[in-house]
Amino acid sequence: MRSMSQSPSVGQALGDAGVLSGIARAGRTRAEQLAAALDARIRSRGLTAGEPVGTLDSLRAETGFAYATVSEAVRLLRDRGVLEIRPGRGGGLFVADRGPVVRLRHTLLSVEEEPRTVADAIELRDHLEVLVDVGAARHRTAQDVADLRDLLQRMRTAPDWDGFMRANWALHERIAALSPNAMARAVYTSTLGHLNAASSRFAEDDPASVRYRTERYQVHVDLVEAIAGGDEPAVRAAVARHNTTT
């Protein structure tokens, strides 16, 4: 089993891949940049399922990034099936066992530099939205609904557009996690990765931006409440509004 000391640092991986230099061009957050660098290091070193990738503290010390940034990067990789988080003594971050669904998601995420990726991601997401959201309405629990409402609160109180969009994508990821269709979850979540990296920026004081944000928030409120109530016709109606006001 290889130790992390035998692997290049995350900082080296970021620099070698030119990731940090492309942050403005790609429009990604530091967490997304770090997630990409960690994923690249795992692949370049040929690390296999169960091998250690470090801990939150070791990654903070290595990169100099804030705890919130490192935590978000780890969450992204966990949700994509790249990392496994093991608590307790001897715990930390380990390479996850990548089954066929995870490999499909990774393949989809790897085409992000292809032309028309964002437009293709929007089209694909729109087709999957009803399947994913109706599945969520059929299988949600009281805790799931509480989590969704907490994420709505994050959207409502976000201090800026970027924070609003991060909460937006987090909400959709949480909804997708409720769907029992693993293949649909994998493909749908991969589209969110593309859209998150390329989300549009608006001037915070632009009245049109404020109005659009208010409208988008209400669409998501309606969607969550339809899922909470298990009301499939209402879910379909909310999805139709969501997809026509993107």
# chains A, B, ... in the order shown; residues from 1 in each chain; ligands from 1
$ residues_around --residues "Glu72 (chain A)" --least-positions-apart "4" --cutoff "10 Å" --atoms "only C-alpha atoms" --output "JSON, numbers by chain"
{"A": [29, 30, 31, 32, 34, 35, 67, 68, 76, 77, 78]}
$ write_last_selection --atoms "C-alpha atoms" --output "compact mmCIF listing (two decimals), in the first residue's frame"
# COMPACT_ATOMS: atom_id res chain seq x y z
CA THR A 29 -14.45 27.49 -7.03
CA ARG A 30 -11.28 26.54 -5.15
CA ALA A 31 -13.09 23.47 -3.83
CA GLU A 32 -13.79 22.31 -7.38
CA LEU A 34 -8.95 20.98 -5.32
CA ALA A 35 -11.35 18.12 -6.05
CA TYR A 67 -11.29 23.94 6.27
CA ALA A 68 -14.54 24.76 4.42
CA LEU A 76 -17.67 16.52 -4.08
CA LEU A 77 -15.38 13.51 -4.47
CA ARG A 78 -17.39 11.46 -2.01
$ closest_atom_pairs --of "region 112-190 of chain A" --to "region 237-241 of chain A" --cutoff "9 Å" --atoms "only C-alpha atoms" --output "JSON lines"
{"residue": "A:Asp126", "atom": "CA", "partner": "A:Val239", "partner_atom": "CA", "distance": 8.5}
{"residue": "A:Glu129", "atom": "CA", "partner": "A:Val239", "partner_atom": "CA", "distance": 6.8}
{"residue": "A:Val130", "atom": "CA", "partner": "A:Val239", "partner_atom": "CA", "distance": 6.4}
{"residue": "A:Asp133", "atom": "CA", "partner": "A:Val239", "partner_atom": "CA", "distance": 8.0}
$ residues_around --residues "region 86-92 of chain A" --least-positions-apart "4" --cutoff "10 Å" --atoms "only C-alpha atoms" --output "list in words"
Pro52, Val53, Gly54, Thr55, Leu56, Asp57 and Ser58 of chain A
